[in-house]
Amino acid sequence: MPMQVDFLVVGSGIAGLTFATKAARFGRVLVLTKKRKADSSTNYAQGGIAAVFGENDARKYHVQDTIRVGEGLCNKEMVAIMVRDGPKLVQELHSMGCRFSMNSNGKFNLAQEGGHSRRRIVHAKDYTGQEIERVLLEGAKKAGVNITENEIALDIVIQNGECVGIYYLDADTRQIDVILANATILATGGIGQVYQHTTNPPIATGDGIAMAYRVGAKIANMEFVQFHPTAVYNIKIDGRSFLISEAIRGEGGVLKTKAGAPFMKKYSPAGNLAPRDVVARACLTEMLYANTKYVLLDVSHLEADFIKNRFPTIYETCLNWGIDITREPIPVVPAAHYSCGGISVNKWAESSIPRMFALGECSCTGVHGANRLASNSLLEAMVFASRAAARVNKISDIKITGPTRIEKTTKIGPNLIFQIKEIMDENVGLIRSEKKLHDAKTAIDGFYKLFEEGIHITNAESRNTTVIAKLVIDSALNRKESRGLHYMLEYPRKRRNFMKDTITRISKQEKKIKKTLPTNRKRDGTRRN
Ligand code: FAD
Ligand code: SIN
């Protein structure tokens with residue numbers, strides 16, 4: 001028999017680690033992660049976590065802001081749960097040793113970001129994610145969680161309609177194997193790498209969503225890809241565009257045209273602190289209008305010492321590239337940043353496949369609707385990971401009834417990732433049209449056919465990004481209106497009959513599930529020869 005654990009977590013960002021740390025008291029937890037432990041979007045989060053702590057704040061305001069920005073598609077029950085449970089979990093992180101920025105009165109220093117009616121962003125200067133990742137990795141270690149690096153989940157193992165584990169590739173040995181589990185928790189993060197210009201690190205290839213789609217899980221709202229308005233123009237670190245946090249506008253940063261004219265008041269009374277979809281489209285519109293490759297983000301009017309102390313990562317990183325942000329504006333462009341859609345889950349983070357949970361950015365809880373409110377992502381991930389951990393306690397043991405050996409299941413896939421990125425940037429960006437979406441669909445559907453059967457060990461990420469591109473395009477073509485992050489030239493307004501989620505499921509013809517299990521490992525985890 002293959003190796004078996006109680007809870008198998010795929011991903012070591014905030015979602016996977018929060019779950020793992022809390023579920024460890026109920027059983028044996030194994031976390032697989034495809035690169036190093038801290039390689040996650042979580043590690044790069046800058047702005048912070050939204051939670052109600054301010055004296056002039058209340059839950060109802062956070063709920064209202066989330067729902068207003070979500071443009072009619074937020075699941076209100078889920079929003080209420082997130083806003084209610086968030087502050088306790090932020091406090092918990094603090095008690096675990098997370099060094100959030102504090103005021104002299106011992107309270108959290110609260111930042112301001114777009115779309116929030118109150119200051120409510122708890123942060124650790126501009127490296128909040130790194131601090132959270134550090135503390136959660138320590139917490140997981142203390143809780144006895146086993147984390148194995150360089151192991152890439154490839155596909156879900158299904159038996160009698162239930163998820164009973166995953167196939168994975170050991171990136172060092174190139175061996176494909178299976179791990180069985182009573183509950184499998186997908187926490188694989190976002191999809192940004194399906195675009196050329198993204199703030200997301202290379203791990204963000206939508207693997208969890210693609211795997212879930214292949215086994216028939218319900219996938220929701222993939223058209224709502226959030227573009228962050230302010231990534232530094234033309235400079236990349238390890239495949240990602242460097243983000244300039246929205247919190248910098250919260251402290252007075254101003255967006256200007258290349259010629260130096262502030263423009264955000266033309267687009268929204270909230271100016272530079274309008275919701276992210278509005279700001280990103282405004283930046284793009286100004287770039288198109290003036291035929292420039294970027295706009296400017298100016299903080300040079302703020303106190304230099306304040307900038308250096310409050311935003312040390314941004315200050316130092318830009319300085320390394322020759323931009324002294326205390327003296328000159330930063331050239332910025334919108335870049336793909338966050339997926340509001342994902343694996344559809346209920347309030348316990350259970351997907352539509354029994355024994356399979358989805359957490360964090362790869363899930364769709366419904367809290368973000370058509371546009372995510374800034375800094376609600378880390379919050380959502382923590383809240384629903386905690387709920388899932390409370391739930392798995394009740395899960396029964398699996399009984400494997402099928403064969404445990406398979407013939408060769410591995411295939412070699414083509415590497416299409418660069419072509420996919422170009423197609424997505426060109427046709428499926430901030431401003432969409434039927435024609436461009438159809439062009440993209442023709443190309444991606446062709447690629448998709450190349451990956452139909454088998455488990456692909458070479459270029460598994462290319463296979464997954466093909467699925468993600470397909471899901472985003474198909475969902476975008478379905479939504480014949482403009483709402484939140486999804487803007488269609490032909491349908492510039494919201495339409496009442498589209499006030500619902502876009503649900504996608506693999507068709508019967510496409511679905512080819514492997515029903516047998518490979519065994520290269522013994523039950524105790526050691527390898528067979
Ligand atoms: P991640 O943190 O991305 O972790 C995913 C994990 O899954 C990784 O460990 C990865 O290696 C692993 N993985 C993926 N595929 C596989 C596979 N096939 N097999 C094995 N392992 C796999 N949100 C906020 O709320 N506030 C912010 O200030 C903020 N700032 C951000 C700044 C940046 C630059 C970025 C990119 C995002 C930011 N976000 C912010 C969004 C937020 O950081 C992410 O949505 C959140 O961290 C996602 O957490 P996660 O645990 O779901 O995924
Ligand atoms: C940022 O710091 O601007 C990112 C915040 C977020 O994605 O919520």
# chains A, B, ... in the order shown; residues from 1 in each chain; ligands from 1
>>> select_by_dssp(residues="segment 81-184 of chain A", states="alpha helix (DSSP H)", output="PyMOL selection string")
chain A and resi 81-95+128-142
>>> write_last_selection(atoms="N, CA and C atoms", output="mmCIF file, in the first residue's frame")
data_model
loop_
_atom_site.group_PDB
_atom_site.id
_atom_site.type_symbol
_atom_site.label_atom_id
_atom_site.label_comp_id
_atom_site.auth_asym_id
_atom_site.auth_seq_id
_atom_site.Cartn_x
_atom_site.Cartn_y
_atom_site.Cartn_z
ATOM 1 N N ILE A 81 -18.770 35.808 8.215
ATOM 2 C CA ILE A 81 -17.907 34.868 8.952
ATOM 3 C C ILE A 81 -16.469 35.391 8.949
ATOM 4 N N MET A 82 -16.000 35.813 7.772
ATOM 5 C CA MET A 82 -14.605 36.263 7.657
ATOM 6 C C MET A 82 -14.346 37.480 8.553
ATOM 7 N N VAL A 83 -15.267 38.429 8.496
ATOM 8 C CA VAL A 83 -15.061 39.671 9.264
ATOM 9 C C VAL A 83 -15.153 39.390 10.767
ATOM 10 N N ARG A 84 -16.048 38.476 11.142
ATOM 11 C CA ARG A 84 -16.237 38.139 12.557
ATOM 12 C C ARG A 84 -15.020 37.410 13.131
ATOM 13 N N ASP A 85 -14.517 36.419 12.380
ATOM 14 C CA ASP A 85 -13.456 35.560 12.929
ATOM 15 C C ASP A 85 -12.049 36.129 12.739
ATOM 16 N N GLY A 86 -11.912 37.121 11.844
ATOM 17 C CA GLY A 86 -10.584 37.628 11.499
ATOM 18 C C GLY A 86 -9.762 38.164 12.668
ATOM 19 N N PRO A 87 -10.332 39.116 13.447
ATOM 20 C CA PRO A 87 -9.502 39.753 14.479
ATOM 21 C C PRO A 87 -8.876 38.751 15.463
ATOM 22 N N LYS A 88 -9.624 37.716 15.852
ATOM 23 C CA LYS A 88 -9.087 36.719 16.793
ATOM 24 C C LYS A 88 -7.854 36.023 16.190
ATOM 25 N N LEU A 89 -7.935 35.738 14.901
ATOM 26 C CA LEU A 89 -6.821 35.032 14.247
ATOM 27 C C LEU A 89 -5.613 35.946 14.064
ATOM 28 N N VAL A 90 -5.864 37.224 13.847
ATOM 29 C CA VAL A 90 -4.750 38.175 13.757
ATOM 30 C C VAL A 90 -4.066 38.258 15.132
ATOM 31 N N GLN A 91 -4.867 38.322 16.182
ATOM 32 C CA GLN A 91 -4.318 38.343 17.550
ATOM 33 C C GLN A 91 -3.488 37.087 17.794
ATOM 34 N N GLU A 92 -3.998 35.958 17.307
ATOM 35 C CA GLU A 92 -3.306 34.684 17.493
ATOM 36 C C GLU A 92 -1.916 34.726 16.841
ATOM 37 N N LEU A 93 -1.875 35.275 15.606
ATOM 38 C CA LEU A 93 -0.579 35.403 14.913
ATOM 39 C C LEU A 93 0.369 36.261 15.748
ATOM 40 N N HIS A 94 -0.189 37.323 16.295
ATOM 41 C CA HIS A 94 0.610 38.228 17.124
ATOM 42 C C HIS A 94 1.147 37.476 18.337
ATOM 43 N N SER A 95 0.277 36.687 18.963
ATOM 44 C CA SER A 95 0.729 35.918 20.152
ATOM 45 C C SER A 95 1.776 34.874 19.762
ATOM 46 N N THR A 128 4.798 42.305 5.547
ATOM 47 C CA THR A 128 3.839 41.571 6.383
ATOM 48 C C THR A 128 3.862 40.067 6.079
ATOM 49 N N GLY A 129 3.876 39.722 4.791
ATOM 50 C CA GLY A 129 3.779 38.313 4.407
ATOM 51 C C GLY A 129 4.985 37.507 4.867
ATOM 52 N N GLN A 130 6.135 38.109 4.742
ATOM 53 C CA GLN A 130 7.377 37.416 5.148
ATOM 54 C C GLN A 130 7.335 37.094 6.651
ATOM 55 N N GLU A 131 6.818 38.032 7.406
ATOM 56 C CA GLU A 131 6.720 37.871 8.854
ATOM 57 C C GLU A 131 5.694 36.773 9.200
ATOM 58 N N ILE A 132 4.583 36.776 8.481
ATOM 59 C CA ILE A 132 3.553 35.754 8.734
ATOM 60 C C ILE A 132 4.087 34.371 8.358
ATOM 61 N N GLU A 133 4.734 34.287 7.210
ATOM 62 C CA GLU A 133 5.266 32.998 6.741
ATOM 63 C C GLU A 133 6.275 32.463 7.766
ATOM 64 N N ARG A 134 7.118 33.333 8.259
ATOM 65 C CA ARG A 134 8.139 32.920 9.242
ATOM 66 C C ARG A 134 7.474 32.315 10.482
ATOM 67 N N VAL A 135 6.493 33.043 11.000
ATOM 68 C CA VAL A 135 5.838 32.606 12.239
ATOM 69 C C VAL A 135 5.055 31.308 12.026
ATOM 70 N N LEU A 136 4.392 31.206 10.879
ATOM 71 C CA LEU A 136 3.607 29.992 10.626
ATOM 72 C C LEU A 136 4.504 28.775 10.408
ATOM 73 N N LEU A 137 5.649 28.979 9.763
ATOM 74 C CA LEU A 137 6.567 27.840 9.593
ATOM 75 C C LEU A 137 7.086 27.381 10.955
ATOM 76 N N GLU A 138 7.375 28.335 11.822
ATOM 77 C CA GLU A 138 7.804 27.967 13.187
ATOM 78 C C GLU A 138 6.684 27.233 13.914
ATOM 79 N N GLY A 139 5.454 27.766 13.768
ATOM 80 C CA GLY A 139 4.289 27.159 14.437
ATOM 81 C C GLY A 139 4.066 25.730 13.956
ATOM 82 N N ALA A 140 4.215 25.528 12.642
ATOM 83 C CA ALA A 140 3.990 24.187 12.079
ATOM 84 C C ALA A 140 5.029 23.218 12.634
ATOM 85 N N LYS A 141 6.246 23.704 12.720
ATOM 86 C CA LYS A 141 7.324 22.843 13.235
ATOM 87 C C LYS A 141 7.019 22.435 14.679
ATOM 88 N N LYS A 142 6.626 23.419 15.481
ATOM 89 C CA LYS A 142 6.301 23.125 16.889
ATOM 90 C C LYS A 142 5.136 22.142 16.994
#
>>> closest_atom_pairs(of="chain A", to="ligand 1", cutoff="6 Å", atoms="only C-alpha atoms and all ligand atoms", output="CSV")
residue,atom,partner,partner_atom_place_in_ligand_line,distance
A:Val10,CA,ligand 1,21 (N),5.0
A:Gly11,CA,ligand 1,7 (O),3.1
A:Ser12,CA,ligand 1,9 (O),3.7
A:Gly13,CA,ligand 1,2 (O),3.5
A:Ile14,CA,ligand 1,51 (O),4.0
A:Ala15,CA,ligand 1,51 (O),3.7
A:Gly16,CA,ligand 1,51 (O),5.6
A:Leu32,CA,ligand 1,20 (C),5.3
A:Thr33,CA,ligand 1,21 (N),3.6
A:Lys34,CA,ligand 1,20 (C),3.9
A:Lys35,CA,ligand 1,11 (O),5.4
A:Asp39,CA,ligand 1,11 (O),5.4
A:Ser40,CA,ligand 1,3 (O),4.0
A:Ser41,CA,ligand 1,3 (O),3.8
A:Thr42,CA,ligand 1,47 (O),3.2
A:Tyr44,CA,ligand 1,34 (C),4.7
A:Ala45,CA,ligand 1,30 (N),3.2
A:Gln46,CA,ligand 1,28 (O),4.2
A:Gly47,CA,ligand 1,28 (O),3.3
A:Gly48,CA,ligand 1,28 (O),4.0
A:Ile49,CA,ligand 1,25 (O),5.2
A:Glu151,CA,ligand 1,20 (C),5.7
A:Ile152,CA,ligand 1,19 (N),3.6
A:Ala153,CA,ligand 1,19 (N),3.8
A:Leu154,CA,ligand 1,18 (N),5.8
A:Ala187,CA,ligand 1,52 (O),5.3
A:Thr188,CA,ligand 1,7 (O),3.3
A:Gly189,CA,ligand 1,53 (O),3.2
A:Gly190,CA,ligand 1,3 (O),5.8
A:Thr199,CA,ligand 1,36 (C),4.8
A:Asn200,CA,ligand 1,36 (C),3.9
A:Ile203,CA,ligand 1,11 (O),5.2
A:Asp207,CA,ligand 1,18 (N),4.9
A:Leu243,CA,ligand 1,34 (C),5.4
A:His337,CA,ligand 1,36 (C),5.9
A:Gly360,CA,ligand 1,52 (O),3.4
A:Glu361,CA,ligand 1,52 (O),3.9
A:Cys362,CA,ligand 1,52 (O),6.0
A:Ser375,CA,ligand 1,25 (O),3.1
A:Asn376,CA,ligand 1,25 (O),4.5
A:Ser377,CA,ligand 1,25 (O),3.6
A:Leu378,CA,ligand 1,25 (O),3.8
>>> residues_around(residues="His62 of chain A", least_positions_apart="5", cutoff="9 Å", atoms="only C-alpha atoms", output="list of chain:residue names")
A:Ala50, A:Ala51, A:Val52, A:Asp57, A:Ile67, A:Val83, A:His116, A:Ser117, A:Arg118, A:Arg120
>>> write_last_selection(atoms="all heavy atoms", output="CSV table (one decimal), in the first residue's frame")
chain,number,residue,atom,x,y,z
A,50,ALA,N,-6.5,42.9,6.6
A,50,ALA,CA,-7.6,43.7,7.0
A,50,ALA,C,-8.4,43.1,8.2
A,50,ALA,O,-8.7,41.9,8.1
A,50,ALA,CB,-8.6,43.9,5.8
A,51,ALA,N,-8.6,43.8,9.3
A,51,ALA,CA,-9.3,43.3,10.4
A,51,ALA,C,-9.8,44.5,11.3
A,51,ALA,O,-9.1,45.5,11.3
A,51,ALA,CB,-8.5,42.3,11.2
A,52,VAL,N,-10.9,44.3,11.9
A,52,VAL,CA,-11.5,45.4,12.6
A,52,VAL,C,-10.9,45.5,14.0
A,52,VAL,O,-11.1,44.7,14.9
A,52,VAL,CB,-13.0,45.2,12.8
A,52,VAL,CG1,-13.7,46.2,13.7
A,52,VAL,CG2,-13.7,45.1,11.4
A,57,ASP,N,-14.0,51.9,14.1
A,57,ASP,CA,-14.4,50.9,13.1
A,57,ASP,C,-15.4,49.9,13.8
A,57,ASP,O,-15.5,49.9,15.0
A,57,ASP,CB,-13.1,50.1,12.7
A,57,ASP,CG,-13.3,49.4,11.3
A,57,ASP,OD1,-14.4,49.5,10.8
A,57,ASP,OD2,-12.3,48.8,10.9
A,67,ILE,N,-18.5,44.1,0.6
A,67,ILE,CA,-19.6,43.9,-0.3
A,67,ILE,C,-19.8,44.9,-1.4
A,67,ILE,O,-20.0,44.6,-2.6
A,67,ILE,CB,-20.9,43.7,0.5
A,67,ILE,CG1,-20.9,42.4,1.3
A,67,ILE,CG2,-22.2,43.8,-0.4
A,67,ILE,CD1,-22.0,42.2,2.3
A,83,VAL,N,-15.3,38.4,8.5
A,83,VAL,CA,-15.1,39.7,9.3
A,83,VAL,C,-15.2,39.4,10.8
A,83,VAL,O,-14.4,39.9,11.6
A,83,VAL,CB,-16.1,40.7,8.8
A,83,VAL,CG1,-16.1,41.9,9.8
A,83,VAL,CG2,-15.8,41.2,7.4
A,116,HIS,N,-11.4,50.8,1.5
A,116,HIS,CA,-11.7,50.7,2.9
A,116,HIS,C,-12.2,52.1,3.4
A,116,HIS,O,-11.5,53.1,3.2
A,116,HIS,CB,-10.5,50.3,3.7
A,116,HIS,CG,-10.1,48.9,3.5
A,116,HIS,ND1,-10.6,47.8,4.2
A,116,HIS,CD2,-9.2,48.3,2.7
A,116,HIS,CE1,-10.1,46.7,3.9
A,116,HIS,NE2,-9.2,46.9,2.9
A,117,SER,N,-13.3,52.1,4.2
A,117,SER,CA,-13.8,53.3,4.7
A,117,SER,C,-13.1,53.7,6.0
A,117,SER,O,-13.3,54.8,6.6
A,117,SER,CB,-15.3,53.3,4.9
A,117,SER,OG,-15.6,52.2,5.8
A,118,ARG,N,-12.3,52.8,6.5
A,118,ARG,CA,-11.6,53.0,7.8
A,118,ARG,C,-10.2,52.5,7.7
A,118,ARG,O,-9.9,51.7,6.9
A,118,ARG,CB,-12.3,52.2,9.0
A,118,ARG,CG,-13.7,52.5,9.2
A,118,ARG,CD,-13.9,53.9,9.9
A,118,ARG,NE,-15.3,54.1,10.3
A,118,ARG,CZ,-16.3,54.4,9.6
A,118,ARG,NH1,-16.2,54.5,8.2
A,118,ARG,NH2,-17.5,54.6,10.1
A,120,ARG,N,-7.8,50.0,8.7
A,120,ARG,CA,-8.0,48.7,9.4
A,120,ARG,C,-6.9,47.6,8.9
A,120,ARG,O,-7.1,46.5,9.0
A,120,ARG,CB,-9.4,48.1,9.2
A,120,ARG,CG,-9.9,47.8,7.8
A,120,ARG,CD,-11.2,47.0,7.9
A,120,ARG,NE,-12.3,47.8,8.2
A,120,ARG,CZ,-13.1,48.4,7.4
A,120,ARG,NH1,-13.0,48.2,6.1
A,120,ARG,NH2,-14.2,49.0,7.8
>>> residues_around(residues="Ile503 of chain A", least_positions_apart="3", cutoff="7 Å", atoms="only C-alpha atoms", output="JSON, numbers by chain")
{"A": [218, 219, 220, 221]}
>>> write_last_selection(atoms="all heavy atoms", output="compact mmCIF listing (two decimals), in the first residue's frame")
# COMPACT_ATOMS: atom_id res chain seq x y z
N LYS A 218 -16.40 21.65 -8.76
CA LYS A 218 -17.06 22.89 -9.18
C LYS A 218 -16.04 24.03 -9.07
O LYS A 218 -15.44 24.23 -8.02
CB LYS A 218 -18.21 23.14 -8.21
CG LYS A 218 -19.42 23.75 -8.80
CD LYS A 218 -20.59 23.53 -7.84
CE LYS A 218 -20.92 24.83 -7.14
NZ LYS A 218 -22.09 24.72 -6.27
N ILE A 219 -15.88 24.76 -10.16
CA ILE A 219 -14.95 25.90 -10.19
C ILE A 219 -15.78 27.16 -10.42
O ILE A 219 -16.69 27.14 -11.27
CB ILE A 219 -13.91 25.75 -11.33
CG1 ILE A 219 -13.24 24.36 -11.33
CG2 ILE A 219 -12.88 26.88 -11.32
CD1 ILE A 219 -12.31 24.06 -10.20
N ALA A 220 -15.48 28.23 -9.69
CA ALA A 220 -16.33 29.42 -9.81
C ALA A 220 -15.54 30.69 -10.13
O ALA A 220 -14.40 30.84 -9.70
CB ALA A 220 -17.11 29.63 -8.50
N ASN A 221 -16.17 31.56 -10.92
CA ASN A 221 -15.77 32.96 -11.08
C ASN A 221 -14.35 33.22 -11.59
O ASN A 221 -13.71 34.19 -11.16
CB ASN A 221 -15.97 33.71 -9.76
CG ASN A 221 -17.44 33.87 -9.43
OD1 ASN A 221 -18.29 33.56 -10.25
ND2 ASN A 221 -17.72 34.36 -8.24
>>> select_by_dssp(residues="segment 232-339 of chain A", states="strand (DSSP E)", output="NGL selection string")
:A and (232-237 or 240-243 or 254-256 or 295-298 or 330-339)
>>> residues_around(residues="Trp321 of chain A", least_positions_apart="5", cutoff="12 Å", atoms="only C-alpha atoms", output="PDB file with N, CA and C atoms, in the first residue's frame")
ATOM      1  N   VAL A 232       6.148  47.814 -10.523  1.00  0.00           N
ATOM      2  CA  VAL A 232       7.185  48.648 -11.135  1.00  0.00           C
ATOM      3  C   VAL A 232       7.344  48.279 -12.607  1.00  0.00           C
ATOM      4  N   TYR A 233       7.396  49.284 -13.453  1.00  0.00           N
ATOM      5  CA  TYR A 233       7.491  49.078 -14.904  1.00  0.00           C
ATOM      6  C   TYR A 233       8.826  48.449 -15.295  1.00  0.00           C
ATOM      7  N   ASN A 234       8.738  47.387 -16.080  1.00  0.00           N
ATOM      8  CA  ASN A 234       9.901  46.833 -16.779  1.00  0.00           C
ATOM      9  C   ASN A 234      11.010  46.268 -15.890  1.00  0.00           C
ATOM     10  N   ILE A 235      10.702  45.975 -14.645  1.00  0.00           N
ATOM     11  CA  ILE A 235      11.742  45.351 -13.815  1.00  0.00           C
ATOM     12  C   ILE A 235      11.134  44.113 -13.162  1.00  0.00           C
ATOM     13  N   LYS A 236      11.836  42.989 -13.306  1.00  0.00           N
ATOM     14  CA  LYS A 236      11.328  41.744 -12.712  1.00  0.00           C
ATOM     15  C   LYS A 236      12.377  41.136 -11.793  1.00  0.00           C
ATOM     16  N   ILE A 237      11.882  40.506 -10.716  1.00  0.00           N
ATOM     17  CA  ILE A 237      12.786  39.723  -9.871  1.00  0.00           C
ATOM     18  C   ILE A 237      12.259  38.302  -9.908  1.00  0.00           C
ATOM     19  N   PHE A 242       7.806  43.606  -9.473  1.00  0.00           N
ATOM     20  CA  PHE A 242       7.856  44.047  -8.071  1.00  0.00           C
ATOM     21  C   PHE A 242       6.670  44.967  -7.766  1.00  0.00           C
ATOM     22  N   ILE A 314      10.301  48.430  -0.099  1.00  0.00           N
ATOM     23  CA  ILE A 314      10.044  49.160  -1.352  1.00  0.00           C
ATOM     24  C   ILE A 314      11.149  50.186  -1.583  1.00  0.00           C
ATOM     25  N   TYR A 315      11.497  50.907  -0.531  1.00  0.00           N
ATOM     26  CA  TYR A 315      12.530  51.942  -0.666  1.00  0.00           C
ATOM     27  C   TYR A 315      13.848  51.321  -1.148  1.00  0.00           C
ATOM     28  N   GLU A 316      14.257  50.263  -0.452  1.00  0.00           N
ATOM     29  CA  GLU A 316      15.574  49.673  -0.785  1.00  0.00           C
ATOM     30  C   GLU A 316      15.573  48.979  -2.156  1.00  0.00           C
ATOM     31  N   ILE A 330       7.848  56.813  -9.150  1.00  0.00           N
ATOM     32  CA  ILE A 330       8.150  55.437  -9.580  1.00  0.00           C
ATOM     33  C   ILE A 330       7.332  55.146 -10.844  1.00  0.00           C
ATOM     34  N   PRO A 331       7.954  54.651 -11.937  1.00  0.00           N
ATOM     35  CA  PRO A 331       7.159  54.239 -13.104  1.00  0.00           C
ATOM     36  C   PRO A 331       6.428  52.943 -12.788  1.00  0.00           C
TER      37      PRO A 331
END
>>> residues_around(residues="Val279 of chain A", least_positions_apart="2", cutoff="9 Å", atoms="only C-alpha atoms", output="list in words")
Gly114, His228, Pro229, Met264, Tyr267, Ser268, Gly271, Asn272, Leu273, Ala274, Pro275, Arg276, Asp277, Arg281, Ala282, Cys283 and Leu284 of chain A
>>> closest_residue(among="A:Met488, A:Leu73, A:Val299, A:Ala20", to="Val145 of chain A", atoms="only C-alpha atoms")
A:Ala20
>>> closest_residue(among="A:Gln226, A:Ser300, A:Gln419, A:Asn309", to="Gly253 of chain A", atoms="only C-alpha atoms")
A:Ser300
>>> closest_residue(among="A:Glu246, A:Asp474, A:Asp170, A:Asp445", to="ligand 2", atoms="only C-alpha atoms and all ligand atoms")
A:Glu246
>>> residues_around(residues="Ala469 of chain A", least_positions_apart="6", cutoff="8 Å", atoms="only C-alpha atoms", output="JSON, numbers by chain")
{"A": [194, 420, 424, 444]}
>>> closest_residue(among="A:Val5, A:Ala374, A:Cys318, A:Cys340", to="Met222 of chain A", atoms="only C-alpha atoms")
A:Cys340
>>> atom_distance(atom1="atom CA of Met211 of chain A", atom2="atom 2 (O, counted along the ligand's line) of ligand 2")
28.9 Å
>>> atom_distance(atom1="atom CA of Glu286 of chain A", atom2="atom CA of Pro334 of chain A")
11.7 Å
>>> closest_residue(among="A:Ala335, A:Leu296, A:Ala212, A:Leu169", to="ligand 2", atoms="only C-alpha atoms and all ligand atoms")
A:Ala335
>>> closest_residue(among="A:Gly250, A:Gly27, A:Gly144, A:Gly216", to="ligand 2", atoms="only C-alpha atoms and all ligand atoms")
A:Gly250
>>> atom_distance(atom1="atom CA of Met499 of chain A", atom2="atom CA of Thr365 of chain A")
16.3 Å
>>> decode(residues="segment 229-240 of chain A", atoms="N, CA, C and O atoms", output="PDB file, in the first residue's frame")
ATOM      1  N   PRO A 229      -2.786  47.825  -9.590  1.00  0.00           N
ATOM      2  CA  PRO A 229      -2.439  48.981 -10.444  1.00  0.00           C
ATOM      3  C   PRO A 229      -0.955  49.319 -10.449  1.00  0.00           C
ATOM      4  O   PRO A 229      -0.467  49.894 -11.425  1.00  0.00           O
ATOM      5  N   THR A 230      -0.239  48.955  -9.381  1.00  0.00           N
ATOM      6  CA  THR A 230       1.106  49.528  -9.269  1.00  0.00           C
ATOM      7  C   THR A 230       2.215  48.479  -9.077  1.00  0.00           C
ATOM      8  O   THR A 230       2.677  48.234  -7.967  1.00  0.00           O
ATOM      9  N   ALA A 231       2.624  47.895 -10.214  1.00  0.00           N
ATOM     10  CA  ALA A 231       3.852  47.086 -10.221  1.00  0.00           C
ATOM     11  C   ALA A 231       4.906  47.942 -10.927  1.00  0.00           C
ATOM     12  O   ALA A 231       4.567  48.679 -11.857  1.00  0.00           O
ATOM     13  N   VAL A 232       6.148  47.814 -10.523  1.00  0.00           N
ATOM     14  CA  VAL A 232       7.185  48.648 -11.135  1.00  0.00           C
ATOM     15  C   VAL A 232       7.344  48.279 -12.607  1.00  0.00           C
ATOM     16  O   VAL A 232       7.401  47.091 -12.954  1.00  0.00           O
ATOM     17  N   TYR A 233       7.396  49.284 -13.453  1.00  0.00           N
ATOM     18  CA  TYR A 233       7.491  49.078 -14.904  1.00  0.00           C
ATOM     19  C   TYR A 233       8.826  48.449 -15.295  1.00  0.00           C
ATOM     20  O   TYR A 233       9.885  48.925 -14.862  1.00  0.00           O
ATOM     21  N   ASN A 234       8.738  47.387 -16.080  1.00  0.00           N
ATOM     22  CA  ASN A 234       9.901  46.833 -16.779  1.00  0.00           C
ATOM     23  C   ASN A 234      11.010  46.268 -15.890  1.00  0.00           C
ATOM     24  O   ASN A 234      12.136  46.132 -16.341  1.00  0.00           O
ATOM     25  N   ILE A 235      10.702  45.975 -14.645  1.00  0.00           N
ATOM     26  CA  ILE A 235      11.742  45.351 -13.815  1.00  0.00           C
ATOM     27  C   ILE A 235      11.134  44.113 -13.162  1.00  0.00           C
ATOM     28  O   ILE A 235      10.059  44.184 -12.568  1.00  0.00           O
ATOM     29  N   LYS A 236      11.836  42.989 -13.306  1.00  0.00           N
ATOM     30  CA  LYS A 236      11.328  41.744 -12.712  1.00  0.00           C
ATOM     31  C   LYS A 236      12.377  41.136 -11.793  1.00  0.00           C
ATOM     32  O   LYS A 236      13.573  41.234 -12.077  1.00  0.00           O
ATOM     33  N   ILE A 237      11.882  40.506 -10.716  1.00  0.00           N
ATOM     34  CA  ILE A 237      12.786  39.723  -9.871  1.00  0.00           C
ATOM     35  C   ILE A 237      12.259  38.302  -9.908  1.00  0.00           C
ATOM     36  O   ILE A 237      11.092  38.071  -9.544  1.00  0.00           O
ATOM     37  N   ASP A 238      13.083  37.359 -10.285  1.00  0.00           N
ATOM     38  CA  ASP A 238      12.686  35.942 -10.324  1.00  0.00           C
ATOM     39  C   ASP A 238      11.315  35.736 -10.959  1.00  0.00           C
ATOM     40  O   ASP A 238      10.449  35.072 -10.375  1.00  0.00           O
ATOM     41  N   GLY A 239      11.092  36.322 -12.095  1.00  0.00           N
ATOM     42  CA  GLY A 239       9.849  36.078 -12.826  1.00  0.00           C
ATOM     43  C   GLY A 239       8.634  36.830 -12.328  1.00  0.00           C
ATOM     44  O   GLY A 239       7.528  36.610 -12.799  1.00  0.00           O
ATOM     45  N   ARG A 240       8.804  37.715 -11.347  1.00  0.00           N
ATOM     46  CA  ARG A 240       7.632  38.480 -10.903  1.00  0.00           C
ATOM     47  C   ARG A 240       7.931  39.976 -10.954  1.00  0.00           C
ATOM     48  O   ARG A 240       9.061  40.403 -10.707  1.00  0.00           O
TER      49      ARG A 240
END
